[in-house]
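The structure file model_28.cif is reproduced below (mmCIF, N, CA and C atoms).
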```cif
data_data
#
loop_
_atom_site.group_PDB
_atom_site.id
_atom_site.type_symbol
_atom_site.label_atom_id
_atom_site.label_comp_id
_atom_site.auth_asym_id
_atom_site.auth_seq_id
_atom_site.Cartn_x
_atom_site.Cartn_y
_atom_site.Cartn_z
ATOM 1 N N MET J 161 193.479 145.828 -85.898
ATOM 2 C CA MET J 161 192.923 146.905 -86.677
ATOM 3 C C MET J 161 192.013 147.748 -85.782
ATOM 4 N N THR J 162 192.205 149.049 -85.804
ATOM 5 C CA THR J 162 191.315 149.922 -85.047
ATOM 6 C C THR J 162 190.270 150.470 -85.989
ATOM 7 N N THR J 163 189.095 150.651 -85.485
ATOM 8 C CA THR J 163 187.994 151.171 -86.276
ATOM 9 C C THR J 163 187.434 152.392 -85.579
ATOM 10 N N PRO J 164 186.664 153.204 -86.293
ATOM 11 C CA PRO J 164 186.069 154.378 -85.660
ATOM 12 C C PRO J 164 185.168 154.026 -84.493
ATOM 13 N N THR J 165 184.642 152.799 -84.436
ATOM 14 C CA THR J 165 183.743 152.425 -83.355
ATOM 15 C C THR J 165 184.495 151.949 -82.127
ATOM 16 N N ASP J 166 185.835 151.702 -82.229
ATOM 17 C CA ASP J 166 186.599 151.188 -81.101
ATOM 18 C C ASP J 166 186.704 152.183 -79.957
ATOM 19 N N SER J 167 187.037 153.414 -80.254
ATOM 20 C CA SER J 167 187.238 154.391 -79.187
ATOM 21 C C SER J 167 186.720 155.762 -79.612
ATOM 22 N N PRO J 168 185.402 155.956 -79.533
ATOM 23 C CA PRO J 168 184.862 157.269 -79.878
ATOM 24 C C PRO J 168 185.299 158.309 -78.858
ATOM 25 N N HIS J 169 185.529 159.517 -79.317
ATOM 26 C CA HIS J 169 185.904 160.562 -78.370
ATOM 27 C C HIS J 169 184.659 161.022 -77.619
ATOM 28 N N PRO J 170 184.821 161.806 -76.540
ATOM 29 C CA PRO J 170 183.688 162.159 -75.669
ATOM 30 C C PRO J 170 182.500 162.791 -76.403
ATOM 31 N N VAL J 171 182.752 163.626 -77.395
ATOM 32 C CA VAL J 171 181.643 164.254 -78.128
ATOM 33 C C VAL J 171 180.854 163.191 -78.880
ATOM 34 N N GLN J 172 181.563 162.250 -79.504
ATOM 35 C CA GLN J 172 180.873 161.187 -80.242
ATOM 36 C C GLN J 172 180.059 160.303 -79.293
ATOM 37 N N ARG J 173 180.593 160.021 -78.123
ATOM 38 C CA ARG J 173 179.826 159.236 -77.143
ATOM 39 C C ARG J 173 178.561 159.983 -76.733
ATOM 40 N N PHE J 174 178.686 161.292 -76.521
ATOM 41 C CA PHE J 174 177.529 162.111 -76.153
ATOM 42 C C PHE J 174 176.487 162.090 -77.267
ATOM 43 N N VAL J 175 176.925 162.284 -78.498
ATOM 44 C CA VAL J 175 176.005 162.307 -79.637
ATOM 45 C C VAL J 175 175.310 160.958 -79.797
ATOM 46 N N ARG J 176 176.047 159.865 -79.647
ATOM 47 C CA ARG J 176 175.432 158.538 -79.758
ATOM 48 C C ARG J 176 174.338 158.351 -78.712
ATOM 49 N N GLY J 177 174.560 158.830 -77.505
ATOM 50 C CA GLY J 177 173.538 158.742 -76.472
ATOM 51 C C GLY J 177 172.356 159.647 -76.762
ATOM 52 N N LEU J 178 172.634 160.842 -77.259
ATOM 53 C CA LEU J 178 171.580 161.804 -77.567
ATOM 54 C C LEU J 178 170.671 161.300 -78.678
ATOM 55 N N ILE J 179 171.239 160.771 -79.747
ATOM 56 C CA ILE J 179 170.413 160.351 -80.880
ATOM 57 C C ILE J 179 169.598 159.106 -80.561
ATOM 58 N N ALA J 180 169.902 158.460 -79.464
ATOM 59 C CA ALA J 180 169.115 157.300 -79.044
ATOM 60 C C ALA J 180 167.830 157.712 -78.335
ATOM 61 N N THR J 181 167.670 159.010 -78.044
ATOM 62 C CA THR J 181 166.447 159.468 -77.390
ATOM 63 C C THR J 181 165.375 159.739 -78.439
ATOM 64 N N ARG J 182 164.147 159.548 -78.068
ATOM 65 C CA ARG J 182 163.028 159.707 -79.008
ATOM 66 C C ARG J 182 162.915 161.128 -79.574
ATOM 67 N N PRO J 183 162.981 162.194 -78.751
ATOM 68 C CA PRO J 183 162.856 163.543 -79.315
ATOM 69 C C PRO J 183 163.965 163.872 -80.319
ATOM 70 N N ALA J 184 165.197 163.502 -79.990
ATOM 71 C CA ALA J 184 166.308 163.783 -80.906
ATOM 72 C C ALA J 184 166.159 162.981 -82.192
ATOM 73 N N ALA J 185 165.746 161.739 -82.088
ATOM 74 C CA ALA J 185 165.572 160.900 -83.271
ATOM 75 C C ALA J 185 164.507 161.487 -84.194
ATOM 76 N N ARG J 186 163.415 161.984 -83.627
ATOM 77 C CA ARG J 186 162.366 162.602 -84.451
ATOM 78 C C ARG J 186 162.871 163.846 -85.161
ATOM 79 N N LEU J 187 163.568 164.689 -84.430
ATOM 80 C CA LEU J 187 164.098 165.917 -85.018
ATOM 81 C C LEU J 187 165.132 165.604 -86.097
ATOM 82 N N LEU J 188 166.059 164.736 -85.779
ATOM 83 C CA LEU J 188 167.146 164.441 -86.710
ATOM 84 C C LEU J 188 166.684 163.652 -87.932
ATOM 85 N N ALA J 189 165.609 162.896 -87.808
ATOM 86 C CA ALA J 189 165.091 162.154 -88.955
ATOM 87 C C ALA J 189 164.705 163.100 -90.084
ATOM 88 N N HIS J 190 164.321 164.319 -89.726
ATOM 89 C CA HIS J 190 163.913 165.294 -90.733
ATOM 90 C C HIS J 190 165.041 166.234 -91.152
ATOM 91 N N THR J 191 166.045 166.399 -90.319
ATOM 92 C CA THR J 191 167.084 167.382 -90.615
ATOM 93 C C THR J 191 168.408 166.790 -91.079
ATOM 94 N N ILE J 192 168.814 165.648 -90.526
ATOM 95 C CA ILE J 192 170.154 165.133 -90.813
ATOM 96 C C ILE J 192 170.361 164.758 -92.283
ATOM 97 N N PRO J 193 169.351 164.244 -93.007
ATOM 98 C CA PRO J 193 169.607 163.949 -94.425
ATOM 99 C C PRO J 193 170.034 165.188 -95.221
ATOM 100 N N HIS J 194 169.430 166.328 -94.922
ATOM 101 C CA HIS J 194 169.786 167.565 -95.628
ATOM 102 C C HIS J 194 171.195 168.019 -95.244
ATOM 103 N N ILE J 195 171.505 167.933 -93.959
ATOM 104 C CA ILE J 195 172.839 168.311 -93.490
ATOM 105 C C ILE J 195 173.890 167.361 -94.056
ATOM 106 N N ASP J 196 173.578 166.056 -94.065
ATOM 107 C CA ASP J 196 174.499 165.060 -94.616
ATOM 108 C C ASP J 196 174.833 165.340 -96.075
ATOM 109 N N ARG J 197 173.796 165.648 -96.870
ATOM 110 C CA ARG J 197 174.036 165.932 -98.291
ATOM 111 C C ARG J 197 174.966 167.126 -98.468
ATOM 112 N N ALA J 198 174.747 168.172 -97.670
ATOM 113 C CA ALA J 198 175.586 169.369 -97.774
ATOM 114 C C ALA J 198 177.032 169.068 -97.385
ATOM 115 N N VAL J 199 177.228 168.363 -96.270
ATOM 116 C CA VAL J 199 178.588 168.022 -95.818
ATOM 117 C C VAL J 199 179.250 167.084 -96.826
ATOM 118 N N PHE J 200 178.487 166.149 -97.375
ATOM 119 C CA PHE J 200 179.017 165.211 -98.370
ATOM 120 C C PHE J 200 179.519 165.972 -99.599
ATOM 121 N N ARG J 201 178.724 166.947 -100.068
ATOM 122 C CA ARG J 201 179.139 167.749 -101.230
ATOM 123 C C ARG J 201 180.346 168.623 -100.904
ATOM 124 N N LEU J 202 180.333 169.266 -99.740
ATOM 125 C CA LEU J 202 181.435 170.150 -99.360
ATOM 126 C C LEU J 202 182.746 169.396 -99.145
ATOM 127 N N SER J 203 182.647 168.137 -98.715
ATOM 128 C CA SER J 203 183.859 167.335 -98.479
ATOM 129 C C SER J 203 184.266 166.534 -99.713
ATOM 130 N N CYS J 204 183.625 166.817 -100.838
ATOM 131 C CA CYS J 204 183.897 166.100 -102.106
ATOM 132 C C CYS J 204 183.702 164.591 -101.939
ATOM 133 N N GLY J 205 182.674 164.201 -101.197
ATOM 134 C CA GLY J 205 182.338 162.799 -101.044
ATOM 135 C C GLY J 205 183.174 162.033 -100.037
ATOM 136 N N ARG J 206 183.932 162.716 -99.204
ATOM 137 C CA ARG J 206 184.799 162.020 -98.243
ATOM 138 C C ARG J 206 184.123 161.698 -96.917
ATOM 139 N N THR J 207 183.127 162.479 -96.501
ATOM 140 C CA THR J 207 182.491 162.238 -95.201
ATOM 141 C C THR J 207 181.080 162.810 -95.180
ATOM 142 N N THR J 208 180.351 162.488 -94.130
ATOM 143 C CA THR J 208 179.017 163.032 -93.895
ATOM 144 C C THR J 208 178.962 163.593 -92.483
ATOM 145 N N ALA J 209 177.926 164.362 -92.209
ATOM 146 C CA ALA J 209 177.768 164.910 -90.860
ATOM 147 C C ALA J 209 177.572 163.785 -89.848
ATOM 148 N N ALA J 210 176.797 162.769 -90.231
ATOM 149 C CA ALA J 210 176.568 161.637 -89.320
ATOM 150 C C ALA J 210 177.875 160.943 -88.964
ATOM 151 N N ALA J 211 178.758 160.777 -89.938
ATOM 152 C CA ALA J 211 180.041 160.135 -89.677
ATOM 153 C C ALA J 211 180.898 160.993 -88.751
ATOM 154 N N LEU J 212 180.883 162.287 -88.952
ATOM 155 C CA LEU J 212 181.674 163.179 -88.107
ATOM 156 C C LEU J 212 181.158 163.194 -86.671
ATOM 157 N N PHE J 213 179.833 163.259 -86.518
ATOM 158 C CA PHE J 213 179.245 163.373 -85.186
ATOM 159 C C PHE J 213 179.297 162.074 -84.396
ATOM 160 N N THR J 214 179.142 160.932 -85.068
ATOM 161 C CA THR J 214 179.057 159.660 -84.347
ATOM 162 C C THR J 214 180.338 158.854 -84.378
ATOM 163 N N GLY J 215 181.193 159.097 -85.363
ATOM 164 C CA GLY J 215 182.407 158.302 -85.494
ATOM 165 C C GLY J 215 182.169 156.977 -86.188
ATOM 166 N N LEU J 216 180.948 156.732 -86.650
ATOM 167 C CA LEU J 216 180.638 155.499 -87.366
ATOM 168 C C LEU J 216 180.850 155.701 -88.861
ATOM 169 N N PRO J 217 181.355 154.691 -89.567
ATOM 170 C CA PRO J 217 181.541 154.836 -91.010
ATOM 171 C C PRO J 217 180.198 154.830 -91.736
ATOM 172 N N ILE J 218 180.015 155.791 -92.618
ATOM 173 C CA ILE J 218 178.788 155.917 -93.387
ATOM 174 C C ILE J 218 179.123 155.624 -94.846
ATOM 175 N N LEU J 219 178.329 154.769 -95.484
ATOM 176 C CA LEU J 219 178.554 154.377 -96.872
ATOM 177 C C LEU J 219 177.375 154.815 -97.718
ATOM 178 N N THR J 220 177.634 155.098 -98.981
ATOM 179 C CA THR J 220 176.553 155.391 -99.912
ATOM 180 C C THR J 220 176.535 154.291 -100.962
ATOM 181 N N LEU J 221 175.416 153.585 -101.047
ATOM 182 C CA LEU J 221 175.237 152.510 -102.011
ATOM 183 C C LEU J 221 174.388 153.049 -103.147
ATOM 184 N N THR J 222 174.881 152.956 -104.369
ATOM 185 C CA THR J 222 174.138 153.433 -105.530
ATOM 186 C C THR J 222 173.736 152.242 -106.382
ATOM 187 N N THR J 223 172.451 152.165 -106.685
ATOM 188 C CA THR J 223 171.922 151.097 -107.527
ATOM 189 C C THR J 223 171.161 151.728 -108.687
ATOM 190 N N THR J 224 170.736 150.906 -109.619
ATOM 191 C CA THR J 224 169.972 151.374 -110.773
ATOM 192 C C THR J 224 168.513 150.991 -110.591
ATOM 193 N N GLY J 225 167.612 151.950 -110.783
ATOM 194 C CA GLY J 225 166.181 151.686 -110.648
ATOM 195 C C GLY J 225 165.721 150.663 -111.666
ATOM 196 N N ALA J 226 164.900 149.711 -111.233
ATOM 197 C CA ALA J 226 164.452 148.624 -112.111
ATOM 198 C C ALA J 226 163.622 149.137 -113.282
ATOM 199 N N LYS J 227 162.725 150.074 -113.039
ATOM 200 C CA LYS J 227 161.862 150.573 -114.112
ATOM 201 C C LYS J 227 162.420 151.816 -114.779
ATOM 202 N N SER J 228 162.932 152.729 -113.976
ATOM 203 C CA SER J 228 163.378 154.014 -114.525
ATOM 204 C C SER J 228 164.779 153.947 -115.116
ATOM 205 N N GLY J 229 165.604 153.041 -114.599
ATOM 206 C CA GLY J 229 166.991 152.986 -115.047
ATOM 207 C C GLY J 229 167.850 154.091 -114.459
ATOM 208 N N ARG J 230 167.273 154.887 -113.572
ATOM 209 C CA ARG J 230 168.004 155.994 -112.955
ATOM 210 C C ARG J 230 168.811 155.500 -111.761
ATOM 211 N N PRO J 231 169.929 156.160 -111.490
ATOM 212 C CA PRO J 231 170.704 155.787 -110.302
ATOM 213 C C PRO J 231 169.968 156.222 -109.033
ATOM 214 N N ARG J 232 169.957 155.354 -108.058
ATOM 215 C CA ARG J 232 169.344 155.630 -106.758
ATOM 216 C C ARG J 232 170.396 155.403 -105.689
ATOM 217 N N ALA J 233 170.545 156.354 -104.797
ATOM 218 C CA ALA J 233 171.564 156.255 -103.745
ATOM 219 C C ALA J 233 170.881 156.127 -102.390
ATOM 220 N N VAL J 234 171.421 155.266 -101.554
ATOM 221 C CA VAL J 234 170.927 155.092 -100.196
ATOM 222 C C VAL J 234 172.134 155.108 -99.262
ATOM 223 N N THR J 235 171.970 155.773 -98.123
ATOM 224 C CA THR J 235 173.046 155.873 -97.156
ATOM 225 C C THR J 235 172.913 154.747 -96.135
ATOM 226 N N LEU J 236 174.026 154.066 -95.860
ATOM 227 C CA LEU J 236 174.056 152.953 -94.923
ATOM 228 C C LEU J 236 175.145 153.187 -93.884
ATOM 229 N N VAL J 237 174.949 152.631 -92.714
ATOM 230 C CA VAL J 237 175.991 152.631 -91.694
ATOM 231 C C VAL J 237 176.760 151.328 -91.868
ATOM 232 N N GLY J 238 178.073 151.403 -91.980
ATOM 233 C CA GLY J 238 178.913 150.222 -92.110
ATOM 234 C C GLY J 238 179.751 150.044 -90.866
ATOM 235 N N ILE J 239 179.529 148.945 -90.158
ATOM 236 C CA ILE J 239 180.259 148.703 -88.916
ATOM 237 C C ILE J 239 181.227 147.552 -89.140
ATOM 238 N N PRO J 240 182.537 147.805 -89.033
ATOM 239 C CA PRO J 240 183.518 146.732 -89.222
ATOM 240 C C PRO J 240 183.365 145.660 -88.147
ATOM 241 N N ASP J 241 183.417 144.407 -88.581
ATOM 242 C CA ASP J 241 183.325 143.263 -87.681
ATOM 243 C C ASP J 241 184.376 142.251 -88.128
ATOM 244 N N GLY J 242 185.618 142.470 -87.695
ATOM 245 C CA GLY J 242 186.702 141.600 -88.139
ATOM 246 C C GLY J 242 186.954 141.795 -89.626
ATOM 247 N N GLU J 243 186.795 140.741 -90.391
ATOM 248 C CA GLU J 243 186.992 140.795 -91.845
ATOM 249 C C GLU J 243 185.744 141.255 -92.588
ATOM 250 N N ARG J 244 184.630 141.356 -91.876
ATOM 251 C CA ARG J 244 183.360 141.699 -92.511
ATOM 252 C C ARG J 244 182.977 143.141 -92.228
ATOM 253 N N ILE J 245 182.017 143.637 -92.990
ATOM 254 C CA ILE J 245 181.396 144.925 -92.708
ATOM 255 C C ILE J 245 179.906 144.662 -92.586
ATOM 256 N N ILE J 246 179.349 145.029 -91.460
ATOM 257 C CA ILE J 246 177.916 144.879 -91.232
ATOM 258 C C ILE J 246 177.249 146.166 -91.697
ATOM 259 N N LEU J 247 176.297 146.051 -92.610
ATOM 260 C CA LEU J 247 175.590 147.211 -93.137
ATOM 261 C C LEU J 247 174.237 147.345 -92.447
ATOM 262 N N ILE J 248 173.932 148.560 -92.034
ATOM 263 C CA ILE J 248 172.653 148.841 -91.379
ATOM 264 C C ILE J 248 171.957 149.925 -92.170
ATOM 265 N N ALA J 249 170.752 149.616 -92.604
ATOM 266 C CA ALA J 249 169.925 150.597 -93.315
ATOM 267 C C ALA J 249 168.714 150.894 -92.445
ATOM 268 N N SER J 250 168.399 152.148 -92.288
ATOM 269 C CA SER J 250 167.231 152.515 -91.497
ATOM 270 C C SER J 250 166.678 153.825 -92.022
ATOM 271 N N ASN J 251 165.517 154.157 -91.560
ATOM 272 C CA ASN J 251 164.922 155.446 -91.919
ATOM 273 C C ASN J 251 165.388 156.482 -90.910
ATOM 274 N N TRP J 252 166.676 156.584 -90.829
ATOM 275 C CA TRP J 252 167.440 157.487 -89.973
ATOM 276 C C TRP J 252 168.053 156.674 -88.898
#
```

Here is a file; write its structure as structure tokens.
Amino acid sequence: MTTPTDSPHPVQRFVRGLIATRPAARLLAHTIPHIDRAVFRLSCGRTTAAALFTGLPILTLTTTGAKSGRPRAVTLVGIPDGERIILIASNW
């Protein structure tokens, strides 16, 4: 089985290296959530900007708030590992 993380194309490799730098991480922590939401809406829920730029699968987990009962969505990175999917949640 091939996964998006097996062979990223050159742009994705560049982006992965760039976002690992402190200045880019600070900038993107404030901007990428807004861009992701727009791309997610425009693609009818099929992809996000982060998924396009990095080649990593991005998942949206929706849960119900304990007190409010409202749906809450959080974006996670899902990395295939054989039969499993490793989920990574971070503040960007």

Using the chain letters and numbers from this file, what does the PyMOL selection byres (((chain J and resi 238-240 and name CA) around 8) and name CA) select? Give the answer as a list in words.
Thr163, Thr165, Leu216, Pro217, Ile218, Leu219, Leu236, Val237, Asp241, Gly242, Glu243, Arg244, Ile245, Ile246, Leu247 and Ile248 of chain J

If we count only N, CA and C atoms, what is near region 167-184 of chain J at a cut-off of 8 Å, once residues fewer than 4 positions away on the same chain are taken out, given as a ChimeraX atom specification?
/J:162-163,188-190,212-216

Based on the selection just made, write N, CA and C atoms of those residues as a JSON list (two decimals), keeping the file's coordinate frame.
```
[["chain", "number", "residue", "atom", "x", "y", "z"],
["J", 162, "THR", "N", 192.20, 149.05, -85.80],
["J", 162, "THR", "CA", 191.32, 149.92, -85.05],
["J", 162, "THR", "C", 190.27, 150.47, -85.99],
["J", 163, "THR", "N", 189.10, 150.65, -85.48],
["J", 163, "THR", "CA", 187.99, 151.17, -86.28],
["J", 163, "THR", "C", 187.43, 152.39, -85.58],
["J", 188, "LEU", "N", 166.06, 164.74, -85.78],
["J", 188, "LEU", "CA", 167.15, 164.44, -86.71],
["J", 188, "LEU", "C", 166.68, 163.65, -87.93],
["J", 189, "ALA", "N", 165.61, 162.90, -87.81],
["J", 189, "ALA", "CA", 165.09, 162.15, -88.96],
["J", 189, "ALA", "C", 164.70, 163.10, -90.08],
["J", 190, "HIS", "N", 164.32, 164.32, -89.73],
["J", 190, "HIS", "CA", 163.91, 165.29, -90.73],
["J", 190, "HIS", "C", 165.04, 166.23, -91.15],
["J", 212, "LEU", "N", 180.88, 162.29, -88.95],
["J", 212, "LEU", "CA", 181.67, 163.18, -88.11],
["J", 212, "LEU", "C", 181.16, 163.19, -86.67],
["J", 213, "PHE", "N", 179.83, 163.26, -86.52],
["J", 213, "PHE", "CA", 179.24, 163.37, -85.19],
["J", 213, "PHE", "C", 179.30, 162.07, -84.40],
["J", 214, "THR", "N", 179.14, 160.93, -85.07],
["J", 214, "THR", "CA", 179.06, 159.66, -84.35],
["J", 214, "THR", "C", 180.34, 158.85, -84.38],
["J", 215, "GLY", "N", 181.19, 159.10, -85.36],
["J", 215, "GLY", "CA", 182.41, 158.30, -85.49],
["J", 215, "GLY", "C", 182.17, 156.98, -86.19],
["J", 216, "LEU", "N", 180.95, 156.73, -86.65],
["J", 216, "LEU", "CA", 180.64, 155.50, -87.37],
["J", 216, "LEU", "C", 180.85, 155.70, -88.86]]
```

Write out as a list in words all residues of region 187-227 of chain J that backbone DSSP assigns to strand (DSSP E or B).
Ile218, Leu219, Thr220, Leu221, Thr222, Thr223 and Thr224 of chain J

How far is it from atom N of Arg197 (chain J) to CA of Ala209 (chain J), in Å with one decimal?
7.2 Å

Would you please extract all alpha helix (DSSP H) residues from chain J, as assigned by DSSP on the backbone, and give them as a PDB file with N, CA and C atoms, keeping the file's coordinate frame?
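The resulting file, states-v8.pdb, is shown below:
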```
ATOM      1  N   PRO J 170     184.821 161.806 -76.540  1.00  0.00           N
ATOM      2  CA  PRO J 170     183.688 162.159 -75.669  1.00  0.00           C
ATOM      3  C   PRO J 170     182.500 162.791 -76.403  1.00  0.00           C
ATOM      4  N   VAL J 171     182.752 163.626 -77.395  1.00  0.00           N
ATOM      5  CA  VAL J 171     181.643 164.254 -78.128  1.00  0.00           C
ATOM      6  C   VAL J 171     180.854 163.191 -78.880  1.00  0.00           C
ATOM      7  N   GLN J 172     181.563 162.250 -79.504  1.00  0.00           N
ATOM      8  CA  GLN J 172     180.873 161.187 -80.242  1.00  0.00           C
ATOM      9  C   GLN J 172     180.059 160.303 -79.293  1.00  0.00           C
ATOM     10  N   ARG J 173     180.593 160.021 -78.123  1.00  0.00           N
ATOM     11  CA  ARG J 173     179.826 159.236 -77.143  1.00  0.00           C
ATOM     12  C   ARG J 173     178.561 159.983 -76.733  1.00  0.00           C
ATOM     13  N   PHE J 174     178.686 161.292 -76.521  1.00  0.00           N
ATOM     14  CA  PHE J 174     177.529 162.111 -76.153  1.00  0.00           C
ATOM     15  C   PHE J 174     176.487 162.090 -77.267  1.00  0.00           C
ATOM     16  N   VAL J 175     176.925 162.284 -78.498  1.00  0.00           N
ATOM     17  CA  VAL J 175     176.005 162.307 -79.637  1.00  0.00           C
ATOM     18  C   VAL J 175     175.310 160.958 -79.797  1.00  0.00           C
ATOM     19  N   ARG J 176     176.047 159.865 -79.647  1.00  0.00           N
ATOM     20  CA  ARG J 176     175.432 158.538 -79.758  1.00  0.00           C
ATOM     21  C   ARG J 176     174.338 158.351 -78.712  1.00  0.00           C
ATOM     22  N   GLY J 177     174.560 158.830 -77.505  1.00  0.00           N
ATOM     23  CA  GLY J 177     173.538 158.742 -76.472  1.00  0.00           C
ATOM     24  C   GLY J 177     172.356 159.647 -76.762  1.00  0.00           C
ATOM     25  N   LEU J 178     172.634 160.842 -77.259  1.00  0.00           N
ATOM     26  CA  LEU J 178     171.580 161.804 -77.567  1.00  0.00           C
ATOM     27  C   LEU J 178     170.671 161.300 -78.678  1.00  0.00           C
ATOM     28  N   ILE J 179     171.239 160.771 -79.747  1.00  0.00           N
ATOM     29  CA  ILE J 179     170.413 160.351 -80.880  1.00  0.00           C
ATOM     30  C   ILE J 179     169.598 159.106 -80.561  1.00  0.00           C
ATOM     31  N   ARG J 182     164.147 159.548 -78.068  1.00  0.00           N
ATOM     32  CA  ARG J 182     163.028 159.707 -79.008  1.00  0.00           C
ATOM     33  C   ARG J 182     162.915 161.128 -79.574  1.00  0.00           C
ATOM     34  N   PRO J 183     162.981 162.194 -78.751  1.00  0.00           N
ATOM     35  CA  PRO J 183     162.856 163.543 -79.315  1.00  0.00           C
ATOM     36  C   PRO J 183     163.965 163.872 -80.319  1.00  0.00           C
ATOM     37  N   ALA J 184     165.197 163.502 -79.990  1.00  0.00           N
ATOM     38  CA  ALA J 184     166.308 163.783 -80.906  1.00  0.00           C
ATOM     39  C   ALA J 184     166.159 162.981 -82.192  1.00  0.00           C
ATOM     40  N   ALA J 185     165.746 161.739 -82.088  1.00  0.00           N
ATOM     41  CA  ALA J 185     165.572 160.900 -83.271  1.00  0.00           C
ATOM     42  C   ALA J 185     164.507 161.487 -84.194  1.00  0.00           C
ATOM     43  N   ARG J 186     163.415 161.984 -83.627  1.00  0.00           N
ATOM     44  CA  ARG J 186     162.366 162.602 -84.451  1.00  0.00           C
ATOM     45  C   ARG J 186     162.871 163.846 -85.161  1.00  0.00           C
ATOM     46  N   LEU J 187     163.568 164.689 -84.430  1.00  0.00           N
ATOM     47  CA  LEU J 187     164.098 165.917 -85.018  1.00  0.00           C
ATOM     48  C   LEU J 187     165.132 165.604 -86.097  1.00  0.00           C
ATOM     49  N   LEU J 188     166.059 164.736 -85.779  1.00  0.00           N
ATOM     50  CA  LEU J 188     167.146 164.441 -86.710  1.00  0.00           C
ATOM     51  C   LEU J 188     166.684 163.652 -87.932  1.00  0.00           C
ATOM     52  N   ALA J 189     165.609 162.896 -87.808  1.00  0.00           N
ATOM     53  CA  ALA J 189     165.091 162.154 -88.955  1.00  0.00           C
ATOM     54  C   ALA J 189     164.705 163.100 -90.084  1.00  0.00           C
ATOM     55  N   HIS J 190     164.321 164.319 -89.726  1.00  0.00           N
ATOM     56  CA  HIS J 190     163.913 165.294 -90.733  1.00  0.00           C
ATOM     57  C   HIS J 190     165.041 166.234 -91.152  1.00  0.00           C
ATOM     58  N   THR J 191     166.045 166.399 -90.319  1.00  0.00           N
ATOM     59  CA  THR J 191     167.084 167.382 -90.615  1.00  0.00           C
ATOM     60  C   THR J 191     168.408 166.790 -91.079  1.00  0.00           C
ATOM     61  N   ILE J 192     168.814 165.648 -90.526  1.00  0.00           N
ATOM     62  CA  ILE J 192     170.154 165.133 -90.813  1.00  0.00           C
ATOM     63  C   ILE J 192     170.361 164.758 -92.283  1.00  0.00           C
ATOM     64  N   PRO J 193     169.351 164.244 -93.007  1.00  0.00           N
ATOM     65  CA  PRO J 193     169.607 163.949 -94.425  1.00  0.00           C
ATOM     66  C   PRO J 193     170.034 165.188 -95.221  1.00  0.00           C
ATOM     67  N   HIS J 194     169.430 166.328 -94.922  1.00  0.00           N
ATOM     68  CA  HIS J 194     169.786 167.565 -95.628  1.00  0.00           C
ATOM     69  C   HIS J 194     171.195 168.019 -95.244  1.00  0.00           C
ATOM     70  N   ILE J 195     171.505 167.933 -93.959  1.00  0.00           N
ATOM     71  CA  ILE J 195     172.839 168.311 -93.490  1.00  0.00           C
ATOM     72  C   ILE J 195     173.890 167.361 -94.056  1.00  0.00           C
ATOM     73  N   ASP J 196     173.578 166.056 -94.065  1.00  0.00           N
ATOM     74  CA  ASP J 196     174.499 165.060 -94.616  1.00  0.00           C
ATOM     75  C   ASP J 196     174.833 165.340 -96.075  1.00  0.00           C
ATOM     76  N   ARG J 197     173.796 165.648 -96.870  1.00  0.00           N
ATOM     77  CA  ARG J 197     174.036 165.932 -98.291  1.00  0.00           C
ATOM     78  C   ARG J 197     174.966 167.126 -98.468  1.00  0.00           C
ATOM     79  N   ALA J 198     174.747 168.172 -97.670  1.00  0.00           N
ATOM     80  CA  ALA J 198     175.586 169.369 -97.774  1.00  0.00           C
ATOM     81  C   ALA J 198     177.032 169.068 -97.385  1.00  0.00           C
ATOM     82  N   VAL J 199     177.228 168.363 -96.270  1.00  0.00           N
ATOM     83  CA  VAL J 199     178.588 168.022 -95.818  1.00  0.00           C
ATOM     84  C   VAL J 199     179.250 167.084 -96.826  1.00  0.00           C
ATOM     85  N   PHE J 200     178.487 166.149 -97.375  1.00  0.00           N
ATOM     86  CA  PHE J 200     179.017 165.211 -98.370  1.00  0.00           C
ATOM     87  C   PHE J 200     179.519 165.972 -99.599  1.00  0.00           C
ATOM     88  N   ARG J 201     178.724 166.947-100.068  1.00  0.00           N
ATOM     89  CA  ARG J 201     179.139 167.749-101.230  1.00  0.00           C
ATOM     90  C   ARG J 201     180.346 168.623-100.904  1.00  0.00           C
ATOM     91  N   LEU J 202     180.333 169.266 -99.740  1.00  0.00           N
ATOM     92  CA  LEU J 202     181.435 170.150 -99.360  1.00  0.00           C
ATOM     93  C   LEU J 202     182.746 169.396 -99.145  1.00  0.00           C
ATOM     94  N   ALA J 209     177.926 164.362 -92.209  1.00  0.00           N
ATOM     95  CA  ALA J 209     177.768 164.910 -90.860  1.00  0.00           C
ATOM     96  C   ALA J 209     177.572 163.785 -89.848  1.00  0.00           C
ATOM     97  N   ALA J 210     176.797 162.769 -90.231  1.00  0.00           N
ATOM     98  CA  ALA J 210     176.568 161.637 -89.320  1.00  0.00           C
ATOM     99  C   ALA J 210     177.875 160.943 -88.964  1.00  0.00           C
ATOM    100  N   ALA J 211     178.758 160.777 -89.938  1.00  0.00           N
ATOM    101  CA  ALA J 211     180.041 160.135 -89.677  1.00  0.00           C
ATOM    102  C   ALA J 211     180.898 160.993 -88.751  1.00  0.00           C
ATOM    103  N   LEU J 212     180.883 162.287 -88.952  1.00  0.00           N
ATOM    104  CA  LEU J 212     181.674 163.179 -88.107  1.00  0.00           C
ATOM    105  C   LEU J 212     181.158 163.194 -86.671  1.00  0.00           C
ATOM    106  N   PHE J 213     179.833 163.259 -86.518  1.00  0.00           N
ATOM    107  CA  PHE J 213     179.245 163.373 -85.186  1.00  0.00           C
ATOM    108  C   PHE J 213     179.297 162.074 -84.396  1.00  0.00           C
ATOM    109  N   THR J 214     179.142 160.932 -85.068  1.00  0.00           N
ATOM    110  CA  THR J 214     179.057 159.660 -84.347  1.00  0.00           C
ATOM    111  C   THR J 214     180.338 158.854 -84.378  1.00  0.00           C
TER     112      THR J 214
END
```

Is it possible to get the axis-aligned box enclosing region 205-223 of chain J (all listed atoms, 3 Å extra per side) as JSON, with centre and edge lengths in Å rounded to one decimal?
```
{"center_x": 178.0, "center_y": 158.0, "center_z": -96.5, "size_x": 19.6, "size_y": 19.8, "size_z": 30.3}
```

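Non-sequential neighbours of Leu221 (chain J) (distance at most 8 Å, separation of 5 or more positions within a chain, only C-alpha atoms) are Ala233, Val234, Thr235 and Leu236 of chain J.
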